[in-house]
file structure-v1.txt (compact mmCIF, C-alpha atoms)
# COMPACT_ATOMS: atom_id res chain seq x y z
CA MET A 1 51.74 -30.38 -26.29
CA THR A 2 49.41 -30.32 -23.30
CA GLN A 3 46.86 -33.10 -22.86
CA LYS A 4 43.33 -31.70 -23.20
CA ARG A 5 41.28 -31.98 -20.03
CA ILE A 6 37.63 -30.98 -19.93
CA THR A 7 35.60 -30.06 -16.87
CA ASP A 8 31.98 -29.00 -17.03
CA ASP A 9 30.21 -29.82 -13.72
CA LEU A 10 27.15 -30.83 -15.73
CA GLN A 11 25.38 -31.90 -12.55
CA ALA A 12 25.12 -28.24 -11.46
CA LEU A 13 23.11 -27.51 -14.60
CA LEU A 14 21.00 -30.65 -14.30
CA ASP A 15 20.14 -29.70 -10.70
CA VAL A 16 18.36 -26.50 -11.76
CA LEU A 17 16.20 -28.24 -14.37
CA PRO A 18 12.86 -29.90 -13.63
CA ALA A 19 13.50 -33.53 -12.63
CA SER A 20 11.81 -35.03 -15.70
CA ILE A 21 13.92 -32.94 -18.08
CA SER A 22 17.11 -33.57 -16.13
CA GLN A 23 16.48 -37.32 -16.26
CA ALA A 24 15.79 -37.14 -20.01
CA VAL A 25 19.13 -35.37 -20.59
CA VAL A 26 20.95 -38.11 -18.68
CA LYS A 27 19.03 -40.80 -20.58
CA ALA A 28 19.94 -39.18 -23.92
CA GLY A 29 23.60 -39.85 -23.10
CA LYS A 30 26.46 -38.13 -24.92
CA ALA A 31 26.99 -35.72 -22.01
CA GLU A 32 30.40 -34.71 -23.37
CA GLU A 33 28.73 -33.55 -26.62
CA LEU A 34 25.88 -31.62 -24.97
CA LEU A 35 25.89 -27.93 -25.94
CA GLU A 36 22.61 -26.58 -24.59
CA ILE A 37 19.10 -27.37 -23.41
CA ILE A 38 16.22 -25.37 -24.85
CA LEU A 39 13.03 -24.80 -22.87
CA ASP A 40 10.51 -22.75 -24.87
CA LEU A 41 6.97 -22.36 -23.59
CA GLY A 42 4.55 -24.42 -25.69
CA ARG A 43 7.27 -26.47 -27.41
CA VAL A 44 8.91 -29.75 -26.51
CA PRO A 45 12.19 -29.40 -24.60
CA VAL A 46 15.26 -30.09 -26.74
CA ALA A 47 18.87 -30.99 -26.03
CA ARG A 48 21.31 -29.71 -28.63
CA PHE A 49 24.44 -31.75 -29.18
CA ILE A 50 27.48 -31.17 -31.37
CA LYS A 51 25.77 -33.25 -34.03
CA GLY A 52 22.02 -32.69 -33.91
CA GLU A 53 19.15 -32.27 -31.50
CA VAL A 54 17.21 -34.69 -29.34
CA PRO A 55 13.69 -34.02 -28.01
CA LEU A 56 13.66 -34.58 -24.25
CA SER A 57 9.93 -35.18 -23.92
CA GLN A 58 6.75 -35.41 -25.96
CA LYS A 59 5.16 -33.04 -23.45
CA GLU A 60 5.44 -29.33 -24.20
CA VAL A 61 7.25 -27.01 -21.79
CA GLU A 62 4.81 -25.40 -19.36
CA ARG A 63 5.01 -22.27 -17.24
CA GLU A 64 5.83 -24.42 -14.17
CA ASP A 65 8.91 -25.83 -15.90
CA ILE A 66 10.28 -22.37 -16.64
CA ASP A 67 9.39 -21.09 -13.17
CA CYS A 68 11.19 -24.08 -11.63
CA VAL A 69 14.45 -23.13 -13.33
CA VAL A 70 14.10 -19.40 -12.65
CA GLU A 71 13.49 -20.02 -8.93
CA ARG A 72 16.69 -22.07 -8.70
CA ILE A 73 19.05 -19.70 -10.51
CA GLY A 74 18.04 -16.27 -9.26
CA ASP A 75 17.88 -12.96 -11.07
CA PHE A 76 18.70 -12.24 -14.68
CA ASP A 77 20.89 -9.28 -15.64
CA ALA A 78 19.77 -6.51 -17.99
CA ASP A 79 20.98 -8.66 -20.90
CA ASN A 80 18.59 -11.47 -19.85
CA ARG A 81 21.40 -13.79 -18.80
CA ALA A 82 21.99 -15.57 -15.54
CA GLY A 83 24.61 -17.99 -14.37
CA ILE A 84 24.73 -20.88 -11.98
CA GLU A 85 26.91 -19.92 -9.06
CA ARG A 86 30.41 -21.40 -9.10
CA SER A 87 29.98 -22.87 -12.59
CA LEU A 88 30.51 -21.78 -16.19
CA HIS A 89 26.95 -22.56 -17.24
CA ARG A 90 24.88 -19.72 -18.65
CA ILE A 91 21.11 -19.41 -18.95
CA SER A 92 19.59 -16.92 -21.36
CA ALA A 93 15.96 -15.86 -21.08
CA ILE A 94 13.58 -14.95 -23.86
CA ARG A 95 10.87 -12.55 -22.77
CA ASN A 96 7.54 -11.58 -24.28
CA ARG A 97 6.29 -7.99 -24.61
CA ARG A 98 5.10 -8.03 -21.01
CA ALA A 99 8.60 -8.99 -19.85
CA HIS A 100 7.52 -12.51 -18.82
CA ILE A 101 10.04 -15.26 -19.48
CA VAL A 102 8.75 -17.53 -22.23
CA GLY A 103 11.93 -19.42 -23.06
CA LEU A 104 15.26 -20.48 -21.60
CA THR A 105 18.45 -21.53 -23.31
CA CYS A 106 20.66 -23.37 -20.84
CA ARG A 107 24.19 -23.46 -22.25
CA VAL A 108 26.74 -25.91 -20.90
CA GLY A 109 29.90 -24.10 -19.83
CA ARG A 110 33.12 -26.07 -20.03
CA ALA A 111 36.67 -25.34 -19.03
CA VAL A 112 38.95 -27.03 -21.52
CA TYR A 113 42.60 -27.07 -20.53
CA GLY A 114 45.22 -27.30 -23.24
CA THR A 115 43.30 -25.43 -25.95
CA ILE A 116 45.79 -22.61 -26.54
CA ASP A 117 48.93 -24.64 -27.19
CA ILE A 118 48.89 -23.55 -30.83
CA ILE A 119 48.81 -19.82 -29.93
CA GLU A 120 50.46 -19.86 -26.50
CA ASP A 121 53.51 -17.98 -27.78
CA LEU A 122 51.25 -15.21 -29.11
CA VAL A 123 49.30 -15.03 -25.84
CA GLU A 124 52.48 -14.75 -23.79
CA SER A 125 54.00 -12.15 -26.15
CA GLY A 126 51.81 -9.43 -24.64
CA LYS A 127 50.63 -8.25 -28.04
CA SER A 128 47.02 -7.80 -29.07
CA LEU A 129 45.24 -10.86 -30.38
CA LEU A 130 41.93 -11.09 -32.24
CA ILE A 131 40.00 -14.36 -32.06
CA LEU A 132 37.24 -14.82 -34.67
CA GLY A 133 34.99 -17.72 -35.60
CA LYS A 134 31.52 -19.17 -35.83
CA PRO A 135 29.44 -19.73 -32.67
CA GLY A 136 30.34 -22.83 -30.71
CA ILE A 137 33.87 -23.41 -32.00
CA GLY A 138 35.64 -22.49 -28.77
CA LYS A 139 36.51 -18.78 -28.84
CA THR A 140 35.37 -18.20 -25.26
CA THR A 141 36.98 -21.46 -24.13
CA MET A 142 40.27 -20.37 -25.67
CA LEU A 143 40.02 -16.92 -24.09
CA ARG A 144 39.27 -18.48 -20.69
CA GLU A 145 42.32 -20.72 -21.04
CA ALA A 146 44.51 -17.78 -22.13
CA ALA A 147 43.46 -15.83 -19.03
CA ARG A 148 44.28 -18.82 -16.83
CA ILE A 149 47.74 -19.22 -18.38
CA LEU A 150 48.52 -15.49 -18.10
CA ALA A 151 47.30 -15.40 -14.48
CA GLU A 152 50.07 -17.82 -13.51
CA THR A 153 52.69 -15.08 -14.02
CA LYS A 154 50.78 -11.79 -14.31
CA ARG A 155 47.85 -9.95 -12.81
CA VAL A 156 44.83 -10.55 -15.04
CA ILE A 157 41.64 -8.51 -14.96
CA ILE A 158 38.67 -9.57 -17.06
CA VAL A 159 35.85 -7.21 -17.96
CA ASP A 160 33.04 -9.50 -19.08
CA THR A 161 29.58 -7.95 -19.18
CA SER A 162 27.96 -11.20 -20.35
CA ASN A 163 29.46 -13.38 -17.57
CA GLU A 164 30.87 -15.98 -19.96
CA ILE A 165 34.51 -15.92 -18.92

call {"tool": "encode", "arguments": {"input": "structure-v1.txt", "output": "structure tokens"}}
result
Amino acid sequence: MTQKRITDDLQALLDVLPASISQAVVKAGKAEELLEIILDLGRVPVARFIKGEVPLSQKEVEREDIDCVVERIGDFDADNRAGIERSLHRISAIRNRRAHIVGLTCRVGRAVYGTIDIIEDLVESGKSLLILGKPGIGKTTMLREAARILAETKRVIIVDTSNEI
């Protein structure tokens, strides 16, 4: 069985956040359990962890906070998602009726090596495989790992319209 190894380059995500929020995430600790950071206009910023949420400030998110992040990550696609270049992190925008961004969900992207040991024989068989489950349990992580394993011996092409793989 392969030893699990996790890489997330969390610093790349922290670098696009306003300094006060970035520092609050670091201060909250539990970086390995961090799932996402929520910045909604008029609400306090929140860090969501595997087990619960932690407010990152008593101060509500302001337009400048959202603009700060948007300036650093670039354009959003038609599905209101953007990524941080050369990372697996994904930022989803919530827009109001006037198409102004009023909220951001900054999801931590992680590459976890050794997640497909249990199904590696199925992946390598070349047969179709359906992966189902609740949000956040590792479906995308497993698919990413399967693609990596297959790419060692075969040509792999991924069509991913949401830029998660």

call {"tool": "atom_distance", "arguments": {"input": "structure-v1.txt", "atom1": "CA of Val102 (chain A)", "atom2": "CA of Glu71 (chain A)"}}
result
14.3 Å

call {"tool": "closest_residue", "arguments": {"input": "structure-v1.txt", "among": "A:Gly126, A:Gly83, A:Gly114, A:Gly136", "to": "Arg148 (chain A)", "atoms": "all atoms listed in the file"}}
result
A:Gly114

call {"tool": "closest_atom_pairs", "arguments": {"input": "structure-v1.txt", "of": "region 90-144 of chain A", "to": "region 49-61 of chain A", "cutoff": "12 Å", "atoms": "only C-alpha atoms", "output": "tab-separated table"}}
result
residue	atom	partner	partner_atom	distance
A:Val102	CA	A:Val61	CA	9.6
A:Gly103	CA	A:Val61	CA	9.0
A:Leu104	CA	A:Val61	CA	10.3
A:Arg107	CA	A:Phe49	CA	10.8
A:Val108	CA	A:Phe49	CA	10.4
A:Pro135	CA	A:Ile50	CA	11.7
A:Gly136	CA	A:Ile50	CA	8.8
A:Ile137	CA	A:Ile50	CA	10.1

call {"tool": "atom_distance", "arguments": {"input": "structure-v1.txt", "atom1": "CA of Glu145 (chain A)", "atom2": "CA of Tyr113 (chain A)"}}
result
6.4 Å

call {"tool": "residues_around", "arguments": {"input": "structure-v1.txt", "residues": "Leu150 (chain A)", "least_positions_apart": "2", "cutoff": "12 Å", "atoms": "only C-alpha atoms", "output": "PyMOL selection string"}}
result
chain A and resi 116+120-126+143-148+152-158

call {"tool": "write_last_selection", "arguments": {"input": "structure-v1.txt", "atoms": "C-alpha atoms", "output": "short mmCIF file (atom, residue, chain, number, x, y, z; two decimals), in the coordinates of the input"}}
result
data_model
loop_
_atom_site.label_atom_id
_atom_site.label_comp_id
_atom_site.auth_asym_id
_atom_site.auth_seq_id
_atom_site.Cartn_x
_atom_site.Cartn_y
_atom_site.Cartn_z
CA ILE A 116 45.79 -22.61 -26.54
CA GLU A 120 50.46 -19.86 -26.50
CA ASP A 121 53.51 -17.98 -27.78
CA LEU A 122 51.25 -15.21 -29.11
CA VAL A 123 49.30 -15.03 -25.84
CA GLU A 124 52.48 -14.75 -23.79
CA SER A 125 54.00 -12.15 -26.15
CA GLY A 126 51.81 -9.43 -24.64
CA LEU A 143 40.02 -16.92 -24.09
CA ARG A 144 39.27 -18.48 -20.69
CA GLU A 145 42.32 -20.72 -21.04
CA ALA A 146 44.51 -17.78 -22.13
CA ALA A 147 43.46 -15.83 -19.03
CA ARG A 148 44.28 -18.82 -16.83
CA GLU A 152 50.07 -17.82 -13.51
CA THR A 153 52.69 -15.08 -14.02
CA LYS A 154 50.78 -11.79 -14.31
CA ARG A 155 47.85 -9.95 -12.81
CA VAL A 156 44.83 -10.55 -15.04
CA ILE A 157 41.64 -8.51 -14.96
CA ILE A 158 38.67 -9.57 -17.06
#

call {"tool": "closest_residue", "arguments": {"input": "structure-v1.txt", "among": "A:Val26, A:Ala31, A:Val112, A:Ile101", "to": "Glu62 (chain A)", "atoms": "all atoms listed in the file"}}
result
A:Ile101

call {"tool": "closest_residue", "arguments": {"input": "structure-v1.txt", "among": "A:Met142, A:Leu39, A:Ala47, A:Ile118", "to": "Val25 (chain A)", "atoms": "all atoms listed in the file"}}
result
A:Ala47

call {"tool": "closest_residue", "arguments": {"input": "structure-v1.txt", "among": "A:Ile119, A:Ala28, A:Leu34, A:Val16", "to": "Val70 (chain A)", "atoms": "all atoms listed in the file"}}
result
A:Val16

call {"tool": "atom_distance", "arguments": {"input": "structure-v1.txt", "atom1": "CA of Ile37 (chain A)", "atom2": "CA of Gly133 (chain A)"}}
result
22.2 Å

call {"tool": "decode", "arguments": {"input": "structure-v1.txt", "residues": "region 78-112 of chain A", "atoms": "N, CA and C atoms", "output": "compact mmCIF listing (two decimals), in the first residue's frame"}}
result
# COMPACT_ATOMS: atom_id res chain seq x y z
N ALA A 78 -17.16 31.53 -17.55
CA ALA A 78 -18.61 31.67 -17.64
C ALA A 78 -19.31 31.01 -16.46
N ASP A 79 -18.65 30.01 -15.86
CA ASP A 79 -19.26 29.33 -14.71
C ASP A 79 -18.90 29.99 -13.37
N ASN A 80 -18.36 31.21 -13.45
CA ASN A 80 -17.99 32.00 -12.26
C ASN A 80 -16.92 31.34 -11.41
N ARG A 81 -16.01 30.65 -12.05
CA ARG A 81 -14.89 30.03 -11.34
C ARG A 81 -13.58 30.54 -11.91
N ALA A 82 -12.61 30.64 -11.03
CA ALA A 82 -11.26 31.03 -11.43
C ALA A 82 -10.29 30.17 -10.63
N GLY A 83 -9.11 30.04 -11.15
CA GLY A 83 -8.09 29.28 -10.44
C GLY A 83 -6.89 30.16 -10.17
N ILE A 84 -6.02 29.66 -9.34
CA ILE A 84 -4.76 30.33 -9.08
C ILE A 84 -3.73 29.58 -9.91
N GLU A 85 -3.05 30.31 -10.77
CA GLU A 85 -2.14 29.69 -11.71
C GLU A 85 -1.15 28.76 -11.01
N ARG A 86 -0.95 27.60 -11.61
CA ARG A 86 -0.01 26.58 -11.16
C ARG A 86 -0.35 26.04 -9.77
N SER A 87 -1.65 26.02 -9.45
CA SER A 87 -2.10 25.42 -8.19
C SER A 87 -3.43 24.72 -8.45
N LEU A 88 -3.90 23.98 -7.47
CA LEU A 88 -5.19 23.29 -7.59
C LEU A 88 -6.31 24.04 -6.90
N HIS A 89 -6.01 25.22 -6.38
CA HIS A 89 -7.03 26.00 -5.68
C HIS A 89 -8.05 26.55 -6.66
N ARG A 90 -9.30 26.64 -6.19
CA ARG A 90 -10.37 27.15 -7.04
C ARG A 90 -11.16 28.21 -6.28
N ILE A 91 -11.49 29.28 -6.98
CA ILE A 91 -12.27 30.35 -6.37
C ILE A 91 -13.56 30.51 -7.16
N SER A 92 -14.68 30.40 -6.46
CA SER A 92 -15.99 30.55 -7.08
C SER A 92 -16.57 31.89 -6.66
N ALA A 93 -17.17 32.59 -7.62
CA ALA A 93 -17.77 33.90 -7.36
C ALA A 93 -19.28 33.78 -7.30
N ILE A 94 -19.86 34.56 -6.42
CA ILE A 94 -21.31 34.72 -6.36
C ILE A 94 -21.58 36.13 -6.83
N ARG A 95 -22.49 36.26 -7.78
CA ARG A 95 -22.78 37.58 -8.36
C ARG A 95 -24.21 38.00 -8.02
N ASN A 96 -24.40 39.33 -7.97
CA ASN A 96 -25.76 39.84 -7.79
C ASN A 96 -26.42 40.00 -9.16
N ARG A 97 -27.60 40.56 -9.20
CA ARG A 97 -28.34 40.71 -10.46
C ARG A 97 -27.65 41.64 -11.46
N ARG A 98 -26.79 42.48 -10.96
CA ARG A 98 -26.04 43.41 -11.84
C ARG A 98 -24.69 42.83 -12.26
N ALA A 99 -24.48 41.58 -11.95
CA ALA A 99 -23.26 40.84 -12.29
C ALA A 99 -22.04 41.28 -11.49
N HIS A 100 -22.25 42.00 -10.39
CA HIS A 100 -21.13 42.36 -9.50
C HIS A 100 -20.86 41.20 -8.54
N ILE A 101 -19.59 40.94 -8.29
CA ILE A 101 -19.23 39.88 -7.36
C ILE A 101 -19.53 40.33 -5.93
N VAL A 102 -20.33 39.51 -5.24
CA VAL A 102 -20.70 39.83 -3.86
C VAL A 102 -20.23 38.76 -2.88
N GLY A 103 -19.60 37.72 -3.40
CA GLY A 103 -19.10 36.67 -2.52
C GLY A 103 -18.07 35.81 -3.24
N LEU A 104 -17.14 35.28 -2.46
CA LEU A 104 -16.11 34.40 -2.99
C LEU A 104 -15.98 33.18 -2.08
N THR A 105 -15.90 32.02 -2.70
CA THR A 105 -15.60 30.80 -1.97
C THR A 105 -14.25 30.32 -2.48
N CYS A 106 -13.27 30.35 -1.62
CA CYS A 106 -11.89 30.00 -1.99
C CYS A 106 -11.61 28.58 -1.48
N ARG A 107 -11.64 27.63 -2.38
CA ARG A 107 -11.50 26.22 -2.01
C ARG A 107 -10.05 25.77 -2.12
N VAL A 108 -9.57 25.11 -1.09
CA VAL A 108 -8.20 24.61 -1.06
C VAL A 108 -8.13 23.36 -1.93
N GLY A 109 -7.24 23.39 -2.92
CA GLY A 109 -7.03 22.24 -3.78
C GLY A 109 -5.82 21.46 -3.30
N ARG A 110 -5.99 20.17 -3.16
CA ARG A 110 -4.90 19.33 -2.67
C ARG A 110 -4.68 18.15 -3.60
N ALA A 111 -3.43 17.84 -3.83
CA ALA A 111 -3.08 16.60 -4.51
C ALA A 111 -2.73 15.61 -3.41
N VAL A 112 -3.45 14.51 -3.39
CA VAL A 112 -3.20 13.48 -2.38
C VAL A 112 -2.76 12.22 -3.12
